[in-house]
Every structure is written in structure tokens, then in C-alpha cells.
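Trainee: File coords-v6.json below, JSON, C-alpha atoms:
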[["chain", "number", "residue", "atom", "x", "y", "z"],
["G", 1, "MET", "CA", -8.84, 53.65, -136.86],
["G", 2, "VAL", "CA", -6.63, 53.08, -139.88],
["G", 3, "GLU", "CA", -3.26, 51.53, -139.11],
["G", 4, "LYS", "CA", -0.34, 53.80, -139.84],
["G", 5, "SER", "CA", 1.32, 52.86, -143.09],
["G", 6, "GLY", "CA", 4.80, 53.22, -141.58],
["G", 7, "TYR", "CA", 4.33, 50.19, -139.32],
["G", 8, "HIS", "CA", 4.96, 46.71, -140.62],
["G", 9, "HIS", "CA", 5.90, 43.47, -138.93],
["G", 10, "GLY", "CA", 8.80, 44.06, -136.54],
["G", 11, "ASP", "CA", 8.39, 47.82, -136.53],
["G", 12, "LEU", "CA", 4.86, 47.57, -135.17],
["G", 13, "ARG", "CA", 5.85, 44.90, -132.67],
["G", 14, "GLN", "CA", 8.57, 47.10, -131.20],
["G", 15, "ALA", "CA", 6.30, 50.15, -131.26],
["G", 16, "LEU", "CA", 3.75, 48.21, -129.21],
["G", 17, "ILE", "CA", 6.43, 47.16, -126.71],
["G", 18, "ASP", "CA", 7.65, 50.76, -126.42],
["G", 19, "ALA", "CA", 4.10, 51.99, -125.87],
["G", 20, "ALA", "CA", 3.53, 49.36, -123.17],
["G", 21, "ILE", "CA", 6.71, 50.45, -121.38],
["G", 22, "ALA", "CA", 5.61, 54.09, -121.50],
["G", 23, "LEU", "CA", 2.15, 53.24, -120.14],
["G", 24, "ILE", "CA", 3.63, 51.13, -117.33],
["G", 25, "ALA", "CA", 5.80, 54.11, -116.36],
["G", 26, "GLU", "CA", 2.66, 56.24, -116.06],
["G", 27, "ARG", "CA", 0.68, 53.69, -114.08],
["G", 28, "ASP", "CA", 1.45, 50.00, -113.67],
["G", 29, "ALA", "CA", 1.46, 46.73, -115.56],
["G", 30, "ASN", "CA", -1.77, 45.51, -113.97],
["G", 31, "SER", "CA", -3.84, 48.23, -115.64],
["G", 32, "LEU", "CA", -2.27, 47.74, -119.06],
["G", 33, "SER", "CA", -4.55, 46.69, -121.93],
["G", 34, "LEU", "CA", -3.84, 45.91, -125.57],
["G", 35, "ARG", "CA", -6.58, 48.33, -126.58],
["G", 36, "GLU", "CA", -4.84, 51.15, -124.74],
["G", 37, "VAL", "CA", -1.47, 50.19, -126.19],
["G", 38, "ALA", "CA", -2.94, 50.23, -129.70],
["G", 39, "ARG", "CA", -4.46, 53.65, -129.06],
["G", 40, "ARG", "CA", -1.10, 54.98, -127.86],
["G", 41, "VAL", "CA", 0.64, 53.71, -131.00],
["G", 42, "GLY", "CA", -2.17, 54.92, -133.26],
["G", 43, "VAL", "CA", -3.24, 51.64, -134.81],
["G", 44, "SER", "CA", -6.47, 49.68, -134.87],
["G", 45, "HIS", "CA", -7.52, 47.73, -131.78],
["G", 46, "ALA", "CA", -6.99, 44.51, -133.72],
["G", 47, "ALA", "CA", -3.44, 45.34, -134.83],
["G", 48, "PRO", "CA", -1.63, 44.17, -131.64],
["G", 49, "TYR", "CA", -3.07, 40.68, -132.05],
["G", 50, "ARG", "CA", -0.90, 40.20, -135.11],
["G", 51, "HIS", "CA", 2.07, 40.05, -132.74],
["G", 52, "PHE", "CA", 0.70, 39.22, -129.28],
["G", 53, "GLN", "CA", -1.99, 36.77, -128.23],
["G", 54, "ASP", "CA", -2.96, 38.83, -125.18],
["G", 55, "LYS", "CA", -1.65, 41.29, -122.61],
["G", 56, "GLU", "CA", 0.46, 38.66, -120.88],
["G", 57, "ASP", "CA", 2.14, 37.83, -124.17],
["G", 58, "LEU", "CA", 3.06, 41.50, -124.55],
["G", 59, "LEU", "CA", 4.42, 41.58, -121.01],
["G", 60, "VAL", "CA", 6.55, 38.54, -121.80],
["G", 61, "ALA", "CA", 8.10, 40.53, -124.63],
["G", 62, "VAL", "CA", 8.75, 43.46, -122.30],
["G", 63, "ALA", "CA", 10.36, 41.12, -119.76],
["G", 64, "GLU", "CA", 12.48, 39.39, -122.42],
["G", 65, "GLN", "CA", 13.74, 42.74, -123.67],
["G", 66, "GLY", "CA", 14.50, 43.74, -120.09],
["G", 67, "PHE", "CA", 16.42, 40.58, -119.26],
["G", 68, "ALA", "CA", 18.43, 40.88, -122.48],
["G", 69, "GLY", "CA", 19.24, 44.50, -121.62],
["G", 70, "LEU", "CA", 20.23, 43.56, -118.08],
["G", 71, "THR", "CA", 22.53, 40.81, -119.34],
["G", 72, "ALA", "CA", 24.17, 43.20, -121.81],
["G", 73, "ALA", "CA", 24.62, 45.85, -119.10],
["G", 74, "MET", "CA", 26.28, 43.36, -116.77],
["G", 75, "LEU", "CA", 28.63, 42.17, -119.51],
["G", 76, "ARG", "CA", 29.57, 45.77, -120.36],
["G", 77, "GLY", "CA", 30.28, 46.38, -116.68],
["G", 78, "ILE", "CA", 32.62, 43.40, -116.60],
["G", 79, "ASP", "CA", 34.39, 44.50, -119.79],
["G", 80, "GLN", "CA", 34.99, 47.98, -118.35],
["G", 81, "ALA", "CA", 36.20, 46.73, -114.96],
["G", 82, "PRO", "CA", 39.85, 46.14, -114.06],
["G", 83, "ASP", "CA", 41.22, 42.68, -114.74],
["G", 84, "ASP", "CA", 40.52, 41.56, -111.18],
["G", 85, "PRO", "CA", 37.96, 38.87, -110.24],
["G", 86, "LEU", "CA", 36.53, 40.81, -107.29],
["G", 87, "GLU", "CA", 36.26, 44.05, -109.25],
["G", 88, "ARG", "CA", 34.52, 42.25, -112.08],
["G", 89, "LEU", "CA", 32.14, 40.61, -109.65],
["G", 90, "ALA", "CA", 31.41, 44.00, -108.13],
["G", 91, "ALA", "CA", 30.83, 45.41, -111.61],
["G", 92, "THR", "CA", 27.96, 42.99, -112.20],
["G", 93, "GLY", "CA", 26.14, 44.30, -109.12],
["G", 94, "ILE", "CA", 26.75, 47.95, -109.94],
["G", 95, "ALA", "CA", 25.55, 47.43, -113.52],
["G", 96, "TYR", "CA", 22.48, 45.60, -112.21],
["G", 97, "VAL", "CA", 21.40, 48.52, -110.03],
["G", 98, "GLN", "CA", 22.18, 51.07, -112.73],
["G", 99, "PHE", "CA", 20.06, 49.14, -115.24],
["G", 100, "ALA", "CA", 17.12, 49.01, -112.85],
["G", 101, "ILE", "CA", 17.29, 52.76, -112.26],
["G", 102, "ALA", "CA", 17.54, 53.49, -115.98],
["G", 103, "HIS", "CA", 14.75, 51.07, -116.97],
["G", 104, "PRO", "CA", 12.24, 50.94, -114.09],
["G", 105, "SER", "CA", 9.29, 49.91, -116.29],
["G", 106, "HIS", "CA", 11.18, 46.93, -117.67],
["G", 107, "TYR", "CA", 12.36, 46.06, -114.18],
["G", 108, "ARG", "CA", 8.87, 46.17, -112.66],
["G", 109, "VAL", "CA", 7.60, 43.74, -115.28],
["G", 110, "MET", "CA", 10.64, 41.46, -114.97],
["G", 111, "PHE", "CA", 10.14, 41.13, -111.21],
["G", 112, "GLY", "CA", 6.56, 42.29, -110.74],
["G", 113, "ASN", "CA", 3.38, 40.66, -109.49],
["G", 114, "PHE", "CA", 3.20, 38.12, -112.28],
["G", 115, "PRO", "CA", 4.06, 34.42, -112.22],
["G", 116, "LEU", "CA", 7.66, 34.08, -113.31],
["G", 117, "ALA", "CA", 6.72, 31.14, -115.52],
["G", 118, "LYS", "CA", 4.49, 33.43, -117.56],
["G", 119, "LEU", "CA", 7.16, 36.10, -117.74],
["G", 120, "ALA", "CA", 9.93, 33.72, -118.75],
["G", 121, "PRO", "CA", 11.31, 34.46, -122.22],
["G", 122, "PRO", "CA", 9.76, 32.47, -125.07],
["G", 123, "GLU", "CA", 11.05, 29.06, -126.02],
["G", 124, "GLY", "CA", 14.46, 29.30, -127.61],
["G", 125, "SER", "CA", 15.53, 32.28, -125.50],
["G", 126, "ASN", "CA", 17.17, 32.16, -122.06],
["G", 127, "ALA", "CA", 17.84, 35.85, -121.46],
["G", 128, "ASN", "CA", 16.74, 35.67, -117.82],
["G", 129, "ILE", "CA", 18.98, 32.66, -117.21],
["G", 130, "ASN", "CA", 21.85, 34.48, -118.90],
["G", 131, "ALA", "CA", 21.63, 37.43, -116.52],
["G", 132, "PHE", "CA", 21.96, 35.18, -113.48],
["G", 133, "GLY", "CA", 24.52, 33.09, -115.33],
["G", 134, "VAL", "CA", 26.74, 36.13, -115.79],
["G", 135, "LEU", "CA", 26.80, 36.59, -112.02],
["G", 136, "LEU", "CA", 27.46, 32.91, -111.35],
["G", 137, "LYS", "CA", 30.34, 32.88, -113.82],
["G", 138, "GLN", "CA", 32.07, 35.75, -112.02],
["G", 139, "ILE", "CA", 31.63, 33.99, -108.67],
["G", 140, "GLN", "CA", 33.11, 30.84, -110.17],
["G", 141, "LEU", "CA", 36.10, 32.75, -111.58],
["G", 142, "GLY", "CA", 36.60, 34.37, -108.19],
["G", 143, "GLN", "CA", 36.64, 30.98, -106.50],
["G", 144, "GLU", "CA", 39.10, 29.62, -109.05],
["G", 145, "ALA", "CA", 41.36, 32.61, -108.37],
["G", 146, "GLY", "CA", 41.11, 31.96, -104.63],
["G", 147, "VAL", "CA", 39.55, 35.33, -103.80],
["G", 148, "VAL", "CA", 35.91, 34.28, -103.31],
["G", 149, "ARG", "CA", 34.96, 31.99, -100.45],
["G", 150, "PRO", "CA", 34.32, 28.34, -101.32],
["G", 151, "GLY", "CA", 30.76, 27.13, -101.38],
["G", 152, "ASP", "CA", 27.83, 26.40, -103.63],
["G", 153, "ILE", "CA", 27.98, 28.91, -106.48],
["G", 154, "THR", "CA", 24.22, 29.11, -106.87],
["G", 155, "GLN", "CA", 23.68, 29.84, -103.17],
["G", 156, "LEU", "CA", 26.35, 32.53, -103.20],
["G", 157, "GLY", "CA", 24.77, 33.93, -106.34],
["G", 158, "LEU", "CA", 21.39, 34.12, -104.65],
["G", 159, "VAL", "CA", 22.93, 36.05, -101.76],
["G", 160, "ALA", "CA", 24.47, 38.56, -104.16],
["G", 161, "TRP", "CA", 21.34, 38.81, -106.31],
["G", 162, "SER", "CA", 19.08, 39.32, -103.30],
["G", 163, "LEU", "CA", 21.15, 42.25, -102.08],
["G", 164, "VAL", "CA", 21.42, 44.14, -105.37],
["G", 165, "HIS", "CA", 17.79, 43.38, -106.25],
["G", 166, "GLY", "CA", 16.63, 44.71, -102.90],
["G", 167, "LEU", "CA", 18.69, 47.86, -103.33],
["G", 168, "ALA", "CA", 17.34, 48.36, -106.85],
["G", 169, "MET", "CA", 13.72, 48.00, -105.69],
["G", 170, "LEU", "CA", 14.22, 50.41, -102.79],
["G", 171, "LEU", "CA", 15.68, 52.97, -105.16],
["G", 172, "ILE", "CA", 13.06, 52.75, -107.92],
["G", 173, "ASP", "CA", 10.29, 52.79, -105.31],
["G", 174, "ARG", "CA", 11.94, 55.89, -103.81],
["G", 175, "GLN", "CA", 12.19, 54.35, -100.38],
["G", 176, "LEU", "CA", 15.71, 55.72, -99.95],
["G", 177, "PRO", "CA", 16.69, 59.41, -99.78],
["G", 178, "PHE", "CA", 18.84, 59.26, -102.92],
["G", 179, "THR", "CA", 17.62, 60.85, -106.14],
["G", 180, "GLN", "CA", 20.66, 62.25, -107.93],
["G", 181, "PRO", "CA", 22.53, 59.96, -110.35],
["G", 182, "ASP", "CA", 25.88, 60.49, -108.65],
["G", 183, "GLU", "CA", 24.39, 59.71, -105.23],
["G", 184, "ILE", "CA", 22.73, 56.55, -106.52],
["G", 185, "ASN", "CA", 25.89, 55.42, -108.29],
["G", 186, "ALA", "CA", 27.98, 56.00, -105.18],
["G", 187, "LEU", "CA", 25.52, 54.03, -103.08],
["G", 188, "ALA", "CA", 25.48, 51.16, -105.57],
["G", 189, "ILE", "CA", 29.28, 51.05, -105.54],
["G", 190, "PHE", "CA", 29.45, 51.13, -101.73],
["G", 191, "VAL", "CA", 26.79, 48.45, -101.22],
["G", 192, "THR", "CA", 28.19, 46.19, -103.89],
["G", 193, "HIS", "CA", 31.75, 46.42, -102.61],
["G", 194, "THR", "CA", 30.52, 45.74, -99.07],
["G", 195, "LEU", "CA", 28.86, 42.60, -100.43],
["G", 196, "ILE", "CA", 32.03, 41.56, -102.22],
["G", 197, "GLU", "CA", 34.02, 41.95, -99.01],
["G", 198, "GLY", "CA", 31.60, 39.50, -97.41],
["G", 199, "LEU", "CA", 32.03, 37.03, -100.26],
["G", 200, "GLY", "CA", 35.80, 37.31, -100.20],
["G", 201, "VAL", "CA", 38.15, 35.00, -98.37]]
Go through the file and emit its structure as C-alpha cells.
Mentor:
Amino acid sequence: MVEKSGYHHGDLRQALIDAAIALIAERDANSLSLREVARRVGVSHAAPYRHFQDKEDLLVAVAEQGFAGLTAAMLRGIDQAPDDPLERLAATGIAYVQFAIAHPSHYRVMFGNFPLAKLAPPEGSNANINAFGVLLKQIQLGQEAGVVRPGDITQLGLVAWSLVHGLAMLLIDRQLPFTQPDEINALAIFVTHTLIEGLGV
């Protein structure tokens, strides 16, 4: 198969990532292969190896893109929230769930059945750390304002992360009877604010 002339360097790399995400949505990450990704994009079987050493390397790229998107979504949520530490903390959780619902293929790779060390972003990037760091920063600001209970910030962050992550997984796995965007958003808001009430003083 002749490689499409329109692809070159970064364009092909992103096209391969997009194809992988689409294939994961149809099946799962375990069954993904570089050969199938190349076929979906319409390039030679050898073309993906110009950008990725193997399937796991491609999944790392998918995960990195996902973590960067999650971080950006959380920061947008904070920017759009009222100037109140608890509301901004709640906004991180709501944005987290909304991102998972909007990008289930990314999310499944980010937190799927793969060793996290292999799915960590490449050297020089800390997108996954940034996402958790955004949450920790809001907890810290809440403590400094006297509206979040004192305690180890990381432990409190793990409590918050565990709740919103669990809700996100239940929703994308369709284990809850909520399918409409407004229903899901309302549930995310209710659950997140209930969490914040527990973290408050």
C-alpha cells in the first residue's frame, strides 16, 4: 500500500493516534495492532514505525494526549467557576467526569489494564502529574482559605480522585441509568458537591 502523500511527520503521527482512538472505541485497547491502525489510516504497514516503536508506544501517546486534555479541562472548569475555593474545587471534579464521558477511549487507555509506568507520558512531559496537581492545588487553596479540612493534601486528593474516577468509570461503562448529557451533568454536580461538603470544615 502506498502511503498517502498528504501525511508527513506530525500529521501522520496524529492521524495514527486518531485511528487508534477510533479503533479502541469500537473494541478495546488490548486488541489494537499497529497493522490495523495503519490500515485504518491508509498507509503502509511499516509507516507507523516511523513514529512509534510498538503498540505500547502508541498507547503512551494516546494516554499523554488524554492526560493533557484532562488537565486542560480541569483548568477551564476552574477558570469558569465563581471566585470561591470550594466552587473551584468542585469544578475540577465536574470537569473530570465530563472529560471522561466526552473522551471514553482516551480515558480507558489512561486508566486501563496496562501498567501505569508504561502509560506514563514520555520523558520531559508530566501531563498525568499535572492533572492530579491541579486537584491538589485547589485543595491547598481551600485549606489556606480555611474552608477545606486540615490534613495531608495528597491523601485528601486521593479521596476526591477516587470518587470522581469511580463515577466516571460507572458512567462510561453504563453501569448507571443515566444516558442523557443533562442527567449526567446533574449527577456529576450533585456527587462532586456532596464530596466537597465532606471535605469542608
Trainee: Extract, using all atoms listed in the file, all DNA, RNA and protein residues at most 6 Å from Ala63 in chain G, discarding same-chain residues fewer than 2 positions from it, and format them as a CSV table (one decimal) with C-alpha atoms, in the coordinates of the input.
Mentor:
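So around-v2.csv came out as:
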chain,number,residue,atom,x,y,z
G,60,VAL,CA,6.6,38.5,-121.8
G,61,ALA,CA,8.1,40.5,-124.6
G,65,GLN,CA,13.7,42.7,-123.7
G,66,GLY,CA,14.5,43.7,-120.1
G,109,VAL,CA,7.6,43.7,-115.3
G,110,MET,CA,10.6,41.5,-115.0
Trainee: Measuring atom to atom with all atoms listed in the file, identify which of G:Gln143, G:Thr92, G:Ser33, G:Thr179 is nearest to Thr192 in chain G.
Mentor: G:Thr92
Trainee: What is the CA of Ala102 in chain G to CA of Ile78 in chain G distance in Å?
Mentor: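 Calculated distance between CA of Ala102 in chain G and CA of Ile78 in chain G is 18.2 Å.
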Trainee: Mind pulling up the distance from CA of Arg39 in chain G to CA of Gly112 in chain G?
Mentor: 24.2 Å
Trainee: Have a look at CA of Gln180 in chain G and CA of Ala168 in chain G and let me know their distance in Å, one decimal.
Mentor: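 Going from CA of Gln180 in chain G over to CA of Ala168 in chain G covers 14.3 Å.
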Trainee: What are the nearest atom pairs, with distances in Å to one decimal, for all residues of range 57-162 of chain G that come at most 12 Å from range 171-178 of chain G, using all atoms listed in the file, set out by chain and rising residue number as CSV?
Mentor:
residue,atom,partner,partner_atom,distance
G:Val97,CA,G:Leu171,CA,8.7
G:Gln98,CA,G:Leu171,CA,10.2
G:Phe99,CA,G:Ile172,CA,10.8
G:Ala100,CA,G:Ile172,CA,7.4
G:Ile101,CA,G:Ile172,CA,6.1
G:Ala102,CA,G:Ile172,CA,9.3
G:His103,CA,G:Ile172,CA,9.4
G:Pro104,CA,G:Ile172,CA,6.5
G:Ser105,CA,G:Ile172,CA,9.6
G:His106,CA,G:Ile172,CA,11.5
G:Tyr107,CA,G:Ile172,CA,9.2
G:Arg108,CA,G:Ile172,CA,9.1
Trainee: Neighbours of Ala188 in chain G within 10 Å (only C-alpha atoms; same-chain residues fewer than 5 positions away dropped), as a list of chain:residue names?
Mentor: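 Returned residues: G:Ala90, G:Ala91, G:Gly93, G:Ile94, G:Ala95, G:Tyr96, G:Val97, G:Gln98, G:Val164, G:Leu167, G:Ala168, G:Leu171, G:Asp182, G:Glu183, G:His193, G:Thr194.
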Trainee: From the set G:Glu56, G:Leu70, G:Glu197, G:Leu16, which residue has the shortest atom-to-atom contact distance to Ser44 in chain G, counting all atoms listed in the file?
Mentor: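 Among the listed residues, G:Leu16 lies closest to Ser44 in chain G.
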Trainee: Listed atoms of range 188-200 of chain G, axis-aligned box, 4 Å per side: centre and edge lengths to one decimal in Å, as AutoDock Vina command-line options?
Mentor:
--center_x 30.6 --center_y 44.1 --center_z -101.5 --size_x 18.3 --size_y 22.1 --size_z 16.2
Trainee: So that I can check the surroundings of range 134-142 of chain G, please list as a count of residues only every protein, DNA and RNA residue that reaches within 7 Å of it, counting all atoms listed in the file and ignoring chain neighbours fewer than 5 positions away.
Mentor: 10
Trainee: Quick one: of G:Glu64, G:Ile196, G:Met169, G:Ala29, who's nearest to Arg149 in chain G, counting all atoms listed in the file?
Mentor: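 For Arg149 in chain G, the nearest of the candidates is G:Ile196.
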Trainee: Counting only C-alpha atoms, figure out which residue out of G:Val41, G:Ala19, G:Leu75, G:Ala47 gets nearest to Leu59 in chain G.
Mentor: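 Going through G:Val41, G:Ala19, G:Leu75, G:Ala47 one by one, the smallest distance to Leu59 in chain G is for G:Ala19.
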Trainee: Missing atoms in range 13-26 of chain G should be modelled up to N, CA and C atoms and reported as a PDB file, in the frame of the given file.
Mentor:
ATOM      1  N   ARG G  13       5.635  45.670-133.895  1.00  0.00           N
ATOM      2  CA  ARG G  13       5.850  44.900-132.670  1.00  0.00           C
ATOM      3  C   ARG G  13       6.656  45.713-131.659  1.00  0.00           C
ATOM      4  N   GLN G  14       7.745  46.314-132.116  1.00  0.00           N
ATOM      5  CA  GLN G  14       8.570  47.100-131.200  1.00  0.00           C
ATOM      6  C   GLN G  14       7.845  48.353-130.747  1.00  0.00           C
ATOM      7  N   ALA G  15       7.063  48.957-131.639  1.00  0.00           N
ATOM      8  CA  ALA G  15       6.300  50.150-131.260  1.00  0.00           C
ATOM      9  C   ALA G  15       5.303  49.816-130.159  1.00  0.00           C
ATOM     10  N   LEU G  16       4.700  48.640-130.232  1.00  0.00           N
ATOM     11  CA  LEU G  16       3.750  48.210-129.210  1.00  0.00           C
ATOM     12  C   LEU G  16       4.456  47.974-127.869  1.00  0.00           C
ATOM     13  N   ILE G  17       5.643  47.379-127.933  1.00  0.00           N
ATOM     14  CA  ILE G  17       6.430  47.160-126.710  1.00  0.00           C
ATOM     15  C   ILE G  17       6.813  48.499-126.094  1.00  0.00           C
ATOM     16  N   ASP G  18       7.263  49.440-126.925  1.00  0.00           N
ATOM     17  CA  ASP G  18       7.650  50.760-126.420  1.00  0.00           C
ATOM     18  C   ASP G  18       6.462  51.474-125.787  1.00  0.00           C
ATOM     19  N   ALA G  19       5.295  51.352-126.413  1.00  0.00           N
ATOM     20  CA  ALA G  19       4.100  51.990-125.870  1.00  0.00           C
ATOM     21  C   ALA G  19       3.715  51.365-124.533  1.00  0.00           C
ATOM     22  N   ALA G  20       3.841  50.040-124.433  1.00  0.00           N
ATOM     23  CA  ALA G  20       3.530  49.360-123.170  1.00  0.00           C
ATOM     24  C   ALA G  20       4.456  49.838-122.063  1.00  0.00           C
ATOM     25  N   ILE G  21       5.743  49.987-122.375  1.00  0.00           N
ATOM     26  CA  ILE G  21       6.710  50.450-121.380  1.00  0.00           C
ATOM     27  C   ILE G  21       6.363  51.857-120.913  1.00  0.00           C
ATOM     28  N   ALA G  22       5.979  52.719-121.848  1.00  0.00           N
ATOM     29  CA  ALA G  22       5.610  54.090-121.500  1.00  0.00           C
ATOM     30  C   ALA G  22       4.368  54.120-120.612  1.00  0.00           C
ATOM     31  N   LEU G  23       3.385  53.287-120.925  1.00  0.00           N
ATOM     32  CA  LEU G  23       2.150  53.240-120.140  1.00  0.00           C
ATOM     33  C   LEU G  23       2.416  52.684-118.742  1.00  0.00           C
ATOM     34  N   ILE G  24       3.288  51.696-118.644  1.00  0.00           N
ATOM     35  CA  ILE G  24       3.630  51.130-117.330  1.00  0.00           C
ATOM     36  C   ILE G  24       4.309  52.189-116.474  1.00  0.00           C
ATOM     37  N   ALA G  25       5.125  53.033-117.102  1.00  0.00           N
ATOM     38  CA  ALA G  25       5.800  54.110-116.360  1.00  0.00           C
ATOM     39  C   ALA G  25       4.786  55.094-115.798  1.00  0.00           C
ATOM     40  N   GLU G  26       3.678  55.292-116.507  1.00  0.00           N
ATOM     41  CA  GLU G  26       2.660  56.240-116.060  1.00  0.00           C
ATOM     42  C   GLU G  26       1.770  55.655-114.976  1.00  0.00           C
TER      43      GLU G  26
END
